[in-house]
$ cat start32.cif   # mmCIF, C-alpha atoms
data_structure
loop_
_atom_site.label_atom_id
_atom_site.label_comp_id
_atom_site.auth_asym_id
_atom_site.auth_seq_id
_atom_site.Cartn_x
_atom_site.Cartn_y
_atom_site.Cartn_z
CA MET W 141 -46.03 4.87 -23.44
CA ALA W 142 -43.80 5.99 -20.57
CA ARG W 143 -40.43 7.19 -21.82
CA PRO W 144 -37.19 6.28 -20.09
CA ARG W 145 -36.10 8.79 -17.47
CA ILE W 146 -33.12 10.06 -19.38
CA PRO W 147 -32.43 9.69 -23.10
CA ASP W 148 -31.05 6.16 -23.33
CA GLU W 149 -29.08 6.23 -26.54
CA PHE W 150 -25.61 4.81 -26.10
CA SER W 151 -23.41 7.80 -26.71
CA PRO W 152 -20.85 9.69 -24.65
CA ARG W 153 -23.21 12.68 -24.69
CA ALA W 154 -26.13 10.71 -23.24
CA ASP W 155 -23.79 9.03 -20.72
CA MET W 156 -22.63 12.43 -19.51
CA LEU W 157 -26.17 13.75 -19.24
CA ARG W 158 -27.26 10.70 -17.23
CA ALA W 159 -24.21 11.00 -14.98
CA ALA W 160 -24.90 14.71 -14.41
CA THR W 161 -28.52 13.97 -13.52
CA ARG W 162 -27.54 11.31 -10.96
CA LEU W 163 -25.02 13.66 -9.37
CA LEU W 164 -27.43 16.61 -9.30
CA ARG W 165 -30.10 14.42 -7.68
CA GLN W 166 -27.57 13.35 -5.03
CA GLY W 167 -26.08 16.63 -4.00
CA GLY W 168 -26.99 19.50 -6.31
CA LEU W 169 -24.47 21.68 -8.09
CA ALA W 170 -21.62 21.02 -5.66
CA ALA W 171 -21.82 17.27 -6.37
CA ALA W 172 -21.97 17.74 -10.13
CA GLY W 173 -18.62 19.31 -10.96
CA ILE W 174 -17.06 18.70 -14.36
CA ASN W 175 -14.55 16.23 -12.89
CA GLN W 176 -17.26 14.25 -11.11
CA ILE W 177 -19.42 14.11 -14.24
CA VAL W 178 -16.47 12.89 -16.28
CA ALA W 179 -15.57 10.26 -13.67
CA GLU W 180 -19.17 9.11 -13.22
CA SER W 181 -19.85 8.89 -16.96
CA GLY W 182 -16.58 7.21 -17.89
CA ALA W 183 -16.33 9.50 -20.92
CA PRO W 184 -13.09 11.28 -21.82
CA LYS W 185 -12.89 14.81 -20.35
CA GLY W 186 -12.21 16.43 -23.71
CA SER W 187 -15.52 15.18 -25.05
CA LEU W 188 -17.47 16.97 -22.30
CA TYR W 189 -16.56 20.40 -23.66
CA HIS W 190 -17.07 19.10 -27.17
CA PHE W 191 -20.69 18.19 -26.41
CA PHE W 192 -21.34 20.91 -23.83
CA PRO W 193 -19.24 23.94 -24.84
CA ASP W 194 -20.71 26.02 -21.98
CA GLY W 195 -19.60 23.41 -19.47
CA LYS W 196 -21.36 22.82 -16.20
CA THR W 197 -24.18 25.33 -16.66
CA GLN W 198 -25.13 23.85 -20.01
CA ILE W 199 -25.03 20.26 -18.84
CA ALA W 200 -27.06 21.10 -15.72
CA ARG W 201 -29.61 22.99 -17.81
CA GLU W 202 -29.99 20.06 -20.21
CA ALA W 203 -30.16 17.54 -17.37
CA LEU W 204 -32.95 19.54 -15.70
CA SER W 205 -34.87 19.74 -18.93
CA ALA W 206 -34.54 15.97 -19.59
CA TYR W 207 -35.59 15.28 -15.99
CA ARG W 208 -38.62 17.55 -16.41
CA ASP W 209 -39.85 15.72 -19.51
CA ALA W 210 -39.36 12.31 -17.93
CA ALA W 211 -41.01 13.33 -14.65
CA VAL W 212 -44.05 14.81 -16.41
CA GLU W 213 -44.38 11.57 -18.36
CA ARG W 214 -44.23 9.54 -15.13
CA TYR W 215 -46.89 11.70 -13.45
CA ARG W 216 -49.19 11.35 -16.47
CA ALA W 217 -48.67 7.60 -16.71
CA ARG W 218 -49.35 7.20 -13.01
CA ALA W 219 -52.51 9.31 -13.14
CA GLN W 220 -53.94 7.35 -16.06
CA GLY W 221 -55.05 4.40 -13.97
CA CYS W 222 -56.67 6.59 -11.30
CA ARG W 223 -60.42 7.12 -11.08
CA SER W 224 -60.44 10.23 -8.89
CA PRO W 225 -58.21 13.14 -7.81
CA GLU W 226 -58.02 11.45 -4.40
CA GLU W 227 -56.58 8.29 -5.92
CA ALA W 228 -54.14 10.24 -8.11
CA VAL W 229 -52.80 12.20 -5.14
CA ARG W 230 -52.15 9.00 -3.24
CA ALA W 231 -50.46 7.49 -6.32
CA PHE W 232 -48.15 10.50 -6.77
CA PHE W 233 -46.85 10.23 -3.22
CA GLU W 234 -46.42 6.47 -3.59
CA MET W 235 -44.28 7.28 -6.62
CA GLY W 236 -42.13 9.60 -4.48
CA ALA W 237 -41.75 6.93 -1.83
CA GLU W 238 -40.73 4.36 -4.45
CA ALA W 239 -38.12 6.72 -5.90
CA SER W 240 -36.67 7.39 -2.43
CA LEU W 241 -36.49 3.68 -1.61
CA LYS W 242 -35.07 2.79 -5.01
CA THR W 243 -32.16 5.20 -4.54
CA ASP W 244 -31.73 4.26 -0.86
CA TYR W 245 -32.66 7.85 0.08
CA ARG W 246 -29.61 9.20 -1.71
CA MET W 247 -31.34 11.02 -4.54
CA SER W 248 -34.21 13.42 -4.93
CA CYS W 249 -35.53 15.92 -7.47
CA PRO W 250 -32.62 17.76 -9.16
CA ALA W 251 -34.69 20.95 -9.38
CA GLY W 252 -34.95 20.87 -5.57
CA THR W 253 -31.27 20.23 -4.93
CA VAL W 254 -30.16 22.84 -7.49
CA THR W 255 -32.61 25.51 -6.27
CA LEU W 256 -31.16 25.27 -2.78
CA ASP W 257 -27.68 25.84 -4.25
CA LEU W 258 -28.58 28.92 -6.32
CA ASP W 259 -26.22 31.85 -5.89
CA PRO W 260 -25.27 34.77 -8.13
CA GLU W 261 -22.85 32.50 -10.03
CA SER W 262 -25.49 29.87 -10.83
CA GLU W 263 -28.35 32.34 -11.39
CA ALA W 264 -28.71 31.06 -14.98
CA LEU W 265 -30.10 27.81 -13.57
CA ARG W 266 -32.98 29.44 -11.70
CA ALA W 267 -35.25 29.49 -14.77
CA PRO W 268 -34.69 25.79 -15.66
CA CYS W 269 -35.47 24.84 -12.02
CA HIS W 270 -38.59 26.99 -11.97
CA ASP W 271 -39.57 25.43 -15.28
CA VAL W 272 -39.40 21.91 -13.77
CA PHE W 273 -41.77 22.97 -10.98
CA VAL W 274 -44.22 24.70 -13.34
CA SER W 275 -44.32 21.59 -15.54
CA LEU W 276 -44.89 19.35 -12.53
CA VAL W 277 -47.72 21.61 -11.31
CA ASP W 278 -49.26 21.40 -14.82
CA ALA W 279 -49.03 17.59 -14.79
CA VAL W 280 -50.57 17.31 -11.32
CA GLU W 281 -53.29 19.79 -12.22
CA GLU W 282 -54.33 17.62 -15.18
CA ALA W 283 -54.97 14.74 -12.79
CA LEU W 284 -57.21 16.90 -10.60
CA SER W 285 -59.61 17.92 -13.38
CA PRO W 286 -62.88 17.08 -11.56
CA ILE W 287 -61.95 19.72 -8.97
CA PRO W 288 -63.21 23.22 -9.87
CA LYS W 289 -60.61 25.22 -11.76
CA SER W 290 -60.52 27.95 -9.08
CA LYS W 291 -59.17 25.43 -6.53
CA ARG W 292 -57.23 23.08 -8.76
CA ARG W 293 -54.12 25.10 -9.56
CA ASP W 294 -53.39 25.94 -5.92
CA LEU W 295 -53.92 22.34 -4.85
CA ALA W 296 -51.54 21.17 -7.59
CA GLY W 297 -48.96 23.70 -6.41
CA LEU W 298 -49.35 22.52 -2.83
CA ILE W 299 -48.85 18.90 -3.92
CA VAL W 300 -45.63 19.76 -5.77
CA SER W 301 -44.30 21.73 -2.77
CA THR W 302 -45.15 18.90 -0.41
CA MET W 303 -43.46 16.34 -2.64
CA GLN W 304 -40.21 18.37 -2.52
CA GLY W 305 -40.41 18.59 1.26
CA ALA W 306 -41.27 14.90 1.63
CA TYR W 307 -38.11 14.04 -0.33
CA ILE W 308 -36.11 16.12 2.15
CA ARG W 309 -37.66 14.70 5.31
CA ALA W 310 -37.50 11.14 3.95
CA ARG W 311 -33.80 11.58 3.15
CA ALA W 312 -33.07 12.91 6.64
CA ALA W 313 -35.06 10.16 8.36
CA ARG W 314 -34.29 7.34 5.91
CA ASP W 315 -37.98 6.56 6.16
CA ILE W 316 -40.87 6.90 3.73
CA SER W 317 -43.49 8.06 6.26
CA PRO W 318 -43.40 11.69 5.02
CA PHE W 319 -44.82 10.42 1.71
CA ARG W 320 -47.51 8.40 3.50
CA GLU W 321 -48.54 11.35 5.73
CA ALA W 322 -48.68 13.61 2.71
CA GLY W 323 -50.53 11.12 0.50
CA GLU W 324 -53.23 10.38 3.06
CA ASN W 325 -53.84 13.96 4.16
CA LEU W 326 -53.71 15.53 0.70
CA ALA W 327 -55.92 12.76 -0.73
CA ALA W 328 -58.49 13.69 1.94
CA LEU W 329 -58.17 17.35 0.94
CA ALA W 330 -58.58 16.46 -2.75
CA LYS W 331 -61.69 14.44 -1.88
CA MET W 332 -63.10 17.39 0.05
CA LEU W 333 -62.56 19.64 -2.99
CA THR W 334 -64.02 17.17 -5.51
CA PRO W 335 -67.72 17.81 -6.17
CA SER W 336 -69.57 14.55 -5.51
CA SER W 337 -72.10 13.33 -8.05
CA ARG W 338 -74.76 13.28 -5.31
CA ASN W 339 -74.06 16.81 -4.20
CA PRO W 340 -72.41 18.72 -7.03
CA ALA W 341 -70.68 21.96 -6.10
CA PRO W 342 -70.89 24.88 -8.53
CA ARG W 343 -68.15 24.64 -11.19
CA LYS W 344 -66.44 27.99 -11.51
CA GLY W 345 -64.22 29.07 -14.37
CA LYS W 346 -63.70 27.10 -17.57
CA MET H 298 -40.16 35.74 25.23
CA ALA H 299 -38.85 34.95 21.74
CA ARG H 300 -35.11 34.35 21.72
CA PRO H 301 -32.84 35.76 19.03
CA ARG H 302 -32.33 33.41 16.09
CA ILE H 303 -28.71 32.70 16.83
CA PRO H 304 -26.87 33.27 20.12
CA ASP H 305 -26.09 36.96 19.99
CA GLU H 306 -23.16 37.29 22.32
CA PHE H 307 -20.33 39.26 20.79
CA SER H 308 -17.58 36.70 20.53
CA PRO H 309 -15.60 35.21 17.65
CA ARG H 310 -17.27 31.86 18.40
CA ALA H 311 -20.80 33.29 18.09
CA ASP H 312 -19.76 35.27 14.98
CA MET H 313 -18.53 32.07 13.34
CA LEU H 314 -21.69 30.18 14.24
CA ARG H 315 -23.87 32.96 12.82
CA ALA H 316 -21.76 33.09 9.66
CA ALA H 317 -21.99 29.31 9.24
CA THR H 318 -25.77 29.41 9.65
CA ARG H 319 -26.17 32.12 7.01
CA LEU H 320 -23.97 30.19 4.57
CA LEU H 321 -25.76 26.86 5.24
CA ARG H 322 -29.12 28.55 4.68
CA GLN H 323 -27.86 29.96 1.37
CA GLY H 324 -26.29 26.91 -0.21
CA GLY H 325 -25.88 24.02 2.20
CA LEU H 326 -22.57 22.34 2.94
CA ALA H 327 -20.87 23.39 -0.28
CA ALA H 328 -21.43 27.07 0.55
CA ALA H 329 -20.22 26.70 4.14
CA GLY H 330 -16.58 25.73 3.73
CA ILE H 331 -14.08 26.67 6.42
CA ASN H 332 -12.66 29.49 4.26
CA GLN H 333 -16.10 30.92 3.55
CA ILE H 334 -17.06 30.79 7.24
CA VAL H 335 -13.85 32.55 8.21
CA ALA H 336 -14.34 35.21 5.51
CA GLU H 337 -18.02 35.74 6.34
CA SER H 338 -17.41 35.95 10.11
CA GLY H 339 -14.35 38.17 9.91
CA ALA H 340 -12.70 36.04 12.63
CA PRO H 341 -9.10 34.83 12.32
CA LYS H 342 -8.82 31.38 10.75
CA GLY H 343 -6.81 29.95 13.63
CA SER H 344 -9.63 30.66 16.05
CA LEU H 345 -12.08 28.51 14.08
CA TYR H 346 -10.18 25.33 14.93
CA HIS H 347 -9.68 26.62 18.45
CA PHE H 348 -13.47 26.89 19.00
CA PHE H 349 -14.49 24.03 16.70
CA PRO H 350 -11.70 21.42 16.84
CA ASP H 351 -13.68 19.04 14.59
CA GLY H 352 -13.94 21.75 11.94
CA LYS H 353 -16.77 21.95 9.47
CA THR H 354 -18.81 19.02 10.79
CA GLN H 355 -18.80 20.40 14.31
CA ILE H 356 -19.69 23.94 13.29
CA ALA H 357 -22.49 22.68 11.02
CA ARG H 358 -23.84 20.46 13.80
CA GLU H 359 -23.86 23.35 16.27
CA ALA H 360 -25.38 25.73 13.73
CA LEU H 361 -28.20 23.24 13.04
CA SER H 362 -28.86 22.83 16.73
CA ALA H 363 -28.95 26.62 17.35
CA TYR H 364 -31.25 27.02 14.34
CA ARG H 365 -33.55 24.29 15.69
CA ASP H 366 -33.94 25.99 19.07
CA ALA H 367 -34.58 29.39 17.54
CA ALA H 368 -37.05 28.01 14.97
CA VAL H 369 -39.03 26.10 17.62
CA GLU H 370 -39.22 29.30 19.65
CA ARG H 371 -40.49 31.23 16.61
CA TYR H 372 -43.18 28.62 15.88
CA ARG H 373 -44.34 28.67 19.50
CA ALA H 374 -44.39 32.46 19.66
CA ARG H 375 -46.35 32.65 16.42
CA ALA H 376 -48.88 30.03 17.54
CA GLN H 377 -49.54 31.83 20.82
CA GLY H 378 -51.75 34.50 19.33
CA CYS H 379 -53.82 32.00 17.30
CA ARG H 380 -57.27 30.86 18.34
CA SER H 381 -57.52 27.71 16.20
CA PRO H 382 -55.33 25.19 14.34
CA GLU H 383 -56.61 26.78 11.13
CA GLU H 384 -55.28 30.18 12.15
CA ALA H 385 -51.96 28.73 13.34
CA VAL H 386 -51.39 26.92 10.02
CA ARG H 387 -51.95 30.14 8.11
CA ALA H 388 -49.60 31.98 10.49
CA PHE H 389 -46.81 29.41 10.03
CA PHE H 390 -46.84 29.78 6.27
CA GLU H 391 -46.94 33.58 6.58
CA MET H 392 -43.81 33.21 8.69
CA GLY H 393 -42.15 31.22 5.87
CA ALA H 394 -43.16 33.85 3.32
CA GLU H 395 -41.74 36.61 5.52
CA ALA H 396 -38.42 34.77 5.92
CA SER H 397 -38.16 34.26 2.17
CA LEU H 398 -38.87 37.92 1.45
CA LYS H 399 -36.55 39.13 4.19
CA THR H 400 -33.62 37.21 2.68
CA ASP H 401 -34.63 38.11 -0.90
CA TYR H 402 -35.21 34.38 -1.57
CA ARG H 403 -31.55 33.62 -0.95
CA MET H 404 -31.90 31.61 2.24
CA SER H 405 -34.04 28.77 3.51
CA CYS H 406 -33.98 26.17 6.28
CA PRO H 407 -30.41 24.89 6.82
CA ALA H 408 -31.73 21.40 7.63
CA GLY H 409 -33.28 21.33 4.16
CA THR H 410 -30.20 22.55 2.32
CA VAL H 411 -27.87 20.23 4.27
CA THR H 412 -30.12 17.17 3.88
CA LEU H 413 -29.99 17.54 0.12
CA ASP H 414 -26.18 17.60 0.29
CA LEU H 415 -25.81 14.47 2.46
CA ASP H 416 -23.28 11.95 1.17
CA PRO H 417 -21.16 9.29 2.86
CA GLU H 418 -18.65 11.98 3.90
CA SER H 419 -21.26 14.15 5.63
CA GLU H 420 -23.32 11.27 7.04
CA ALA H 421 -22.64 12.56 10.59
CA LEU H 422 -24.94 15.51 9.82
CA ARG H 423 -27.97 13.36 8.99
CA ALA H 424 -29.02 13.04 12.65
CA PRO H 425 -28.82 16.79 13.41
CA CYS H 426 -30.92 17.50 10.27
CA HIS H 427 -33.48 14.87 11.23
CA ASP H 428 -33.52 16.34 14.70
CA VAL H 429 -34.46 19.79 13.34
CA PHE H 430 -37.42 18.28 11.49
CA VAL H 431 -38.60 16.24 14.49
CA SER H 432 -38.46 19.36 16.69
CA LEU H 433 -40.38 21.39 14.10
CA VAL H 434 -43.04 18.66 13.85
CA ASP H 435 -43.32 18.71 17.67
CA ALA H 436 -43.74 22.50 17.68
CA VAL H 437 -46.38 22.43 14.94
CA GLU H 438 -48.20 19.55 16.63
CA GLU H 439 -48.52 21.62 19.84
CA ALA H 440 -50.39 24.28 17.89
CA LEU H 441 -52.86 21.71 16.52
CA SER H 442 -53.97 20.39 19.91
CA PRO H 443 -57.75 20.63 19.35
CA ILE H 444 -57.33 18.11 16.51
CA PRO H 445 -57.61 14.48 17.70
CA LYS H 446 -54.22 13.00 18.53
CA SER H 447 -54.62 10.25 15.91
CA LYS H 448 -54.63 12.87 13.11
CA ARG H 449 -52.48 15.56 14.64
CA ARG H 450 -48.98 14.13 14.24
CA ASP H 451 -49.41 13.30 10.56
CA LEU H 452 -50.85 16.74 9.84
CA ALA H 453 -47.91 18.37 11.64
CA GLY H 454 -45.50 16.25 9.59
CA LEU H 455 -47.27 17.25 6.40
CA ILE H 456 -47.04 20.94 7.35
CA VAL H 457 -43.28 20.68 7.98
CA SER H 458 -42.74 18.87 4.65
CA THR H 459 -44.79 21.45 2.79
CA MET H 460 -42.89 24.33 4.41
CA GLN H 461 -39.61 22.85 3.13
CA GLY H 462 -41.04 22.49 -0.36
CA ALA H 463 -42.55 25.96 -0.31
CA TYR H 464 -39.10 27.39 0.48
CA ILE H 465 -37.76 25.60 -2.58
CA ARG H 466 -40.49 26.65 -4.99
CA ALA H 467 -40.47 30.22 -3.66
CA ARG H 468 -36.69 30.44 -4.17
CA ALA H 469 -36.97 29.12 -7.74
CA ALA H 470 -39.86 31.46 -8.61
CA ARG H 471 -38.78 34.44 -6.48
CA ASP H 472 -42.43 34.59 -5.45
CA ILE H 473 -44.21 33.84 -2.20
CA SER H 474 -47.31 32.21 -3.72
CA PRO H 475 -46.20 28.69 -2.69
CA PHE H 476 -46.61 29.81 0.94
CA ARG H 477 -50.04 31.29 0.23
CA GLU H 478 -51.26 28.15 -1.62
CA ALA H 479 -50.00 25.98 1.21
CA GLY H 480 -51.37 28.18 3.99
CA GLU H 481 -54.85 28.40 2.52
CA ASN H 482 -55.20 24.74 1.60
CA LEU H 483 -53.68 23.32 4.75
CA ALA H 484 -55.69 25.72 6.93
CA ALA H 485 -58.82 24.30 5.26
CA LEU H 486 -57.57 20.78 5.99
CA ALA H 487 -56.85 21.69 9.63
CA LYS H 488 -60.35 23.14 9.92
CA MET H 489 -61.85 19.94 8.51
CA LEU H 490 -59.94 17.90 11.11
CA THR H 491 -60.84 20.18 14.04
CA PRO H 492 -63.92 18.95 15.91
CA SER H 493 -66.41 21.80 16.01
CA SER H 494 -68.05 22.71 19.31
CA ARG H 495 -71.47 22.18 17.71
CA ASN H 496 -70.59 18.75 16.38
CA PRO H 497 -67.76 17.27 18.46
CA ALA H 498 -65.89 14.35 16.93
CA PRO H 499 -64.73 11.55 19.23
CA ARG H 500 -61.31 12.38 20.76
CA LYS H 501 -59.08 9.37 20.38
CA GLY H 502 -55.86 8.74 22.26
CA LYS H 503 -54.53 10.87 25.06
#

$ encode --input "start32.cif" --output "structure tokens"
Amino acid sequence: MARPRIPDEFSPRADMLRAATRLLRQGGLAAAGINQIVAESGAPKGSLYHFFPDGKTQIAREALSAYRDAAVERYRARAQGCRSPEEAVRAFFEMGAEASLKTDYRMSCPAGTVTLDLDPESEALRAPCHDVFVSLVDAVEEALSPIPKSKRRDLAGLIVSTMQGAYIRARAARDISPFREAGENLAALAKMLTPSSRNPAPRKGK
Amino acid sequence: MARPRIPDEFSPRADMLRAATRLLRQGGLAAAGINQIVAESGAPKGSLYHFFPDGKTQIAREALSAYRDAAVERYRARAQGCRSPEEAVRAFFEMGAEASLKTDYRMSCPAGTVTLDLDPESEALRAPCHDVFVSLVDAVEEALSPIPKSKRRDLAGLIVSTMQGAYIRARAARDISPFREAGENLAALAKMLTPSSRNPAPRKGK
């Protein structure tokens, strides 16, 4: 069910996209220059402009969009085994901790790294970054469905913000405790907002 | 009581430090090259190496440390007028929203932007970034003192993570709602963890 993180065909184009994603996750736009992407992918430089005529902006935009689809898929897959919003929240932050450990705290969400590099020159990448966050909020919101609609969207937004910040603090500390703190506290908040079957809260909205 | 954000003496050294901080807050290490710092500060290039013999690493380290002191002061000042952890949490996120608006979503916490740029070459800046976060967690924890010690540190950590993520999502969306979502939800969590005078919870730890 879960798709691979990045399209895994064997082609110079897919190699370049995967290389760009790794570099963006490491250090944002400054780390993902054309020369670095070419070196990291092992593809010939000429082929980069063949596949991505608009160069760096195009490859970053496509990398962000591939990352978005894969991340949404991972959130959905992870939520499937959970029996409550509380459990799903915990599972999401465990996922963040696993990703940080797996990359030895060298990589995080490319939408986070790129957003913090945005300047007038890279303004075209604001929308693709925003789009990653909106899609992540949607995916988290799905997993919170027992929580009344009026509370659910904001809680999902909070969870996505906290995940971005936990990546940062975990990278700085080389320690996963930010994910644990967040998972435990936000699971408690999700539980508080979930109407219990014994004592159902009014369900507002659709 | 509140100190200025960055040392405000009129000297080429202070000008360069202020310029470096602005550039780090905009785009991390890639935005704060020696040439950019010199251009932004208006100081002669030769004087940069005179004041900061170790160049970019030294100026970034000092900028992070000045930012840390000023940020801790701002958190403390903001908490002083608050009568409960709940109120303080709301006030902290209002402060984040104000900073984002004031800089037209172009700047955020330099420890966040630099952390997401860390690579083997800039490894020396990991500790100063971590140090900013630890100091912010300390400052937030002070404002949560009615909450039992066993819960307080983790909640403070969560708040600092969420603030970092809210800066990111606000920058991508050019919208302060991530601060509002975070402030409202985490204020509710702080309230839940604060023992009420009617129904005091056991106070663990010192």

$ atom_distance --input "start32.cif" --atom1 "atom CA of Cys222 of chain W" --atom2 "atom CA of Ala283 of chain W"
8.5 Å

$ resolve_selection --input "start32.cif" --expression "the PyMOL selection byres ((chain W) within 8 of (chain H))" --output "PyMOL selection string"
chain W and resi 166-168+170-171+246+248+252-253+255-259+266-267+269-270+273+294-295+297-298+300-306+308-309+311-313+318+321-322+325+329

$ write_last_selection --input "start32.cif" --atoms "C-alpha atoms" --output "short mmCIF file (atom, residue, chain, number, x, y, z; two decimals), in the coordinates of the input"
data_model
loop_
_atom_site.label_atom_id
_atom_site.label_comp_id
_atom_site.auth_asym_id
_atom_site.auth_seq_id
_atom_site.Cartn_x
_atom_site.Cartn_y
_atom_site.Cartn_z
CA GLN W 166 -27.57 13.35 -5.03
CA GLY W 167 -26.08 16.63 -4.00
CA GLY W 168 -26.99 19.50 -6.31
CA ALA W 170 -21.62 21.02 -5.66
CA ALA W 171 -21.82 17.27 -6.37
CA ARG W 246 -29.61 9.20 -1.71
CA SER W 248 -34.21 13.42 -4.93
CA GLY W 252 -34.95 20.87 -5.57
CA THR W 253 -31.27 20.23 -4.93
CA THR W 255 -32.61 25.51 -6.27
CA LEU W 256 -31.16 25.27 -2.78
CA ASP W 257 -27.68 25.84 -4.25
CA LEU W 258 -28.58 28.92 -6.32
CA ASP W 259 -26.22 31.85 -5.89
CA ARG W 266 -32.98 29.44 -11.70
CA ALA W 267 -35.25 29.49 -14.77
CA CYS W 269 -35.47 24.84 -12.02
CA HIS W 270 -38.59 26.99 -11.97
CA PHE W 273 -41.77 22.97 -10.98
CA ASP W 294 -53.39 25.94 -5.92
CA LEU W 295 -53.92 22.34 -4.85
CA GLY W 297 -48.96 23.70 -6.41
CA LEU W 298 -49.35 22.52 -2.83
CA VAL W 300 -45.63 19.76 -5.77
CA SER W 301 -44.30 21.73 -2.77
CA THR W 302 -45.15 18.90 -0.41
CA MET W 303 -43.46 16.34 -2.64
CA GLN W 304 -40.21 18.37 -2.52
CA GLY W 305 -40.41 18.59 1.26
CA ALA W 306 -41.27 14.90 1.63
CA ILE W 308 -36.11 16.12 2.15
CA ARG W 309 -37.66 14.70 5.31
CA ARG W 311 -33.80 11.58 3.15
CA ALA W 312 -33.07 12.91 6.64
CA ALA W 313 -35.06 10.16 8.36
CA PRO W 318 -43.40 11.69 5.02
CA GLU W 321 -48.54 11.35 5.73
CA ALA W 322 -48.68 13.61 2.71
CA ASN W 325 -53.84 13.96 4.16
CA LEU W 329 -58.17 17.35 0.94
#

$ atom_distance --input "start32.cif" --atom1 "atom CA of Leu241 of chain W" --atom2 "atom CA of Tyr207 of chain W"
18.5 Å

$ residues_around --input "start32.cif" --residues "Arg380 of chain H" --least-positions-apart "3" --cutoff "12 Å" --atoms "all atoms listed in the file" --output "NGL selection string"
:H and (375-377 or 383-388 or 440-443 or 488)

$ atom_distance --input "start32.cif" --atom1 "atom CA of Arg373 of chain H" --atom2 "atom CA of Ser308 of chain H"
28.0 Å

$ resolve_selection --input "start32.cif" --expression "the PyMOL selection byres ((chain W and resi 152) around 10)" --output "JSON list (two decimals) with C-alpha atoms, keeping the file's coordinate frame"
[["chain", "number", "residue", "atom", "x", "y", "z"],
["W", 149, "GLU", "CA", -29.08, 6.23, -26.54],
["W", 150, "PHE", "CA", -25.61, 4.81, -26.10],
["W", 151, "SER", "CA", -23.41, 7.80, -26.71],
["W", 153, "ARG", "CA", -23.21, 12.68, -24.69],
["W", 154, "ALA", "CA", -26.13, 10.71, -23.24],
["W", 155, "ASP", "CA", -23.79, 9.03, -20.72],
["W", 156, "MET", "CA", -22.63, 12.43, -19.51],
["W", 157, "LEU", "CA", -26.17, 13.75, -19.24],
["W", 158, "ARG", "CA", -27.26, 10.70, -17.23],
["W", 178, "VAL", "CA", -16.47, 12.89, -16.28],
["W", 181, "SER", "CA", -19.85, 8.89, -16.96],
["W", 182, "GLY", "CA", -16.58, 7.21, -17.89],
["W", 183, "ALA", "CA", -16.33, 9.50, -20.92],
["W", 184, "PRO", "CA", -13.09, 11.28, -21.82],
["W", 187, "SER", "CA", -15.52, 15.18, -25.05],
["W", 188, "LEU", "CA", -17.47, 16.97, -22.30],
["W", 191, "PHE", "CA", -20.69, 18.19, -26.41]]

$ closest_residue --input "start32.cif" --among "W:Ser224, W:Arg162, W:Gly173, W:Val212" --to "Lys185 of chain W" --atoms "only C-alpha atoms"
W:Gly173

$ closest_residue --input "start32.cif" --among "H:Ala316, H:Ala484, H:Lys399, H:Glu391" --to "Ala336 of chain H" --atoms "only C-alpha atoms"
H:Ala316

$ resolve_selection --input "start32.cif" --expression "the PyMOL selection byres ((chain W and resi 203) around 9)" --output "PDB file with C-alpha atoms, keeping the file's coordinate frame"
ATOM      1  CA  ILE W 146     -33.120  10.060 -19.380  1.00  0.00           C
ATOM      2  CA  LEU W 157     -26.170  13.750 -19.240  1.00  0.00           C
ATOM      3  CA  ARG W 158     -27.260  10.700 -17.230  1.00  0.00           C
ATOM      4  CA  ALA W 160     -24.900  14.710 -14.410  1.00  0.00           C
ATOM      5  CA  THR W 161     -28.520  13.970 -13.520  1.00  0.00           C
ATOM      6  CA  LEU W 164     -27.430  16.610  -9.300  1.00  0.00           C
ATOM      7  CA  GLN W 198     -25.130  23.850 -20.010  1.00  0.00           C
ATOM      8  CA  ILE W 199     -25.030  20.260 -18.840  1.00  0.00           C
ATOM      9  CA  ALA W 200     -27.060  21.100 -15.720  1.00  0.00           C
ATOM     10  CA  ARG W 201     -29.610  22.990 -17.810  1.00  0.00           C
ATOM     11  CA  GLU W 202     -29.990  20.060 -20.210  1.00  0.00           C
ATOM     12  CA  LEU W 204     -32.950  19.540 -15.700  1.00  0.00           C
ATOM     13  CA  SER W 205     -34.870  19.740 -18.930  1.00  0.00           C
ATOM     14  CA  ALA W 206     -34.540  15.970 -19.590  1.00  0.00           C
ATOM     15  CA  TYR W 207     -35.590  15.280 -15.990  1.00  0.00           C
ATOM     16  CA  ARG W 208     -38.620  17.550 -16.410  1.00  0.00           C
ATOM     17  CA  PRO W 250     -32.620  17.760  -9.160  1.00  0.00           C
TER      18      PRO W 250
END

$ decode --input "start32.cif" --residues "segment 319-330 of chain W" --atoms "C-alpha atoms" --output "compact mmCIF listing (two decimals), in the first residue's frame"
# COMPACT_ATOMS: atom_id res chain seq x y z
CA PHE W 319 9.53 13.94 19.48
CA ARG W 320 8.78 12.10 22.73
CA GLU W 321 7.78 15.32 24.58
CA ALA W 322 5.57 16.32 21.68
CA GLY W 323 4.01 12.87 21.22
CA GLU W 324 3.11 12.46 24.88
CA ASN W 325 1.76 15.96 25.44
CA LEU W 326 -0.15 16.24 22.17
CA ALA W 327 -1.59 12.72 22.61
CA ALA W 328 -2.93 13.91 25.98
CA LEU W 329 -4.42 16.97 24.29
CA ALA W 330 -5.99 14.80 21.56
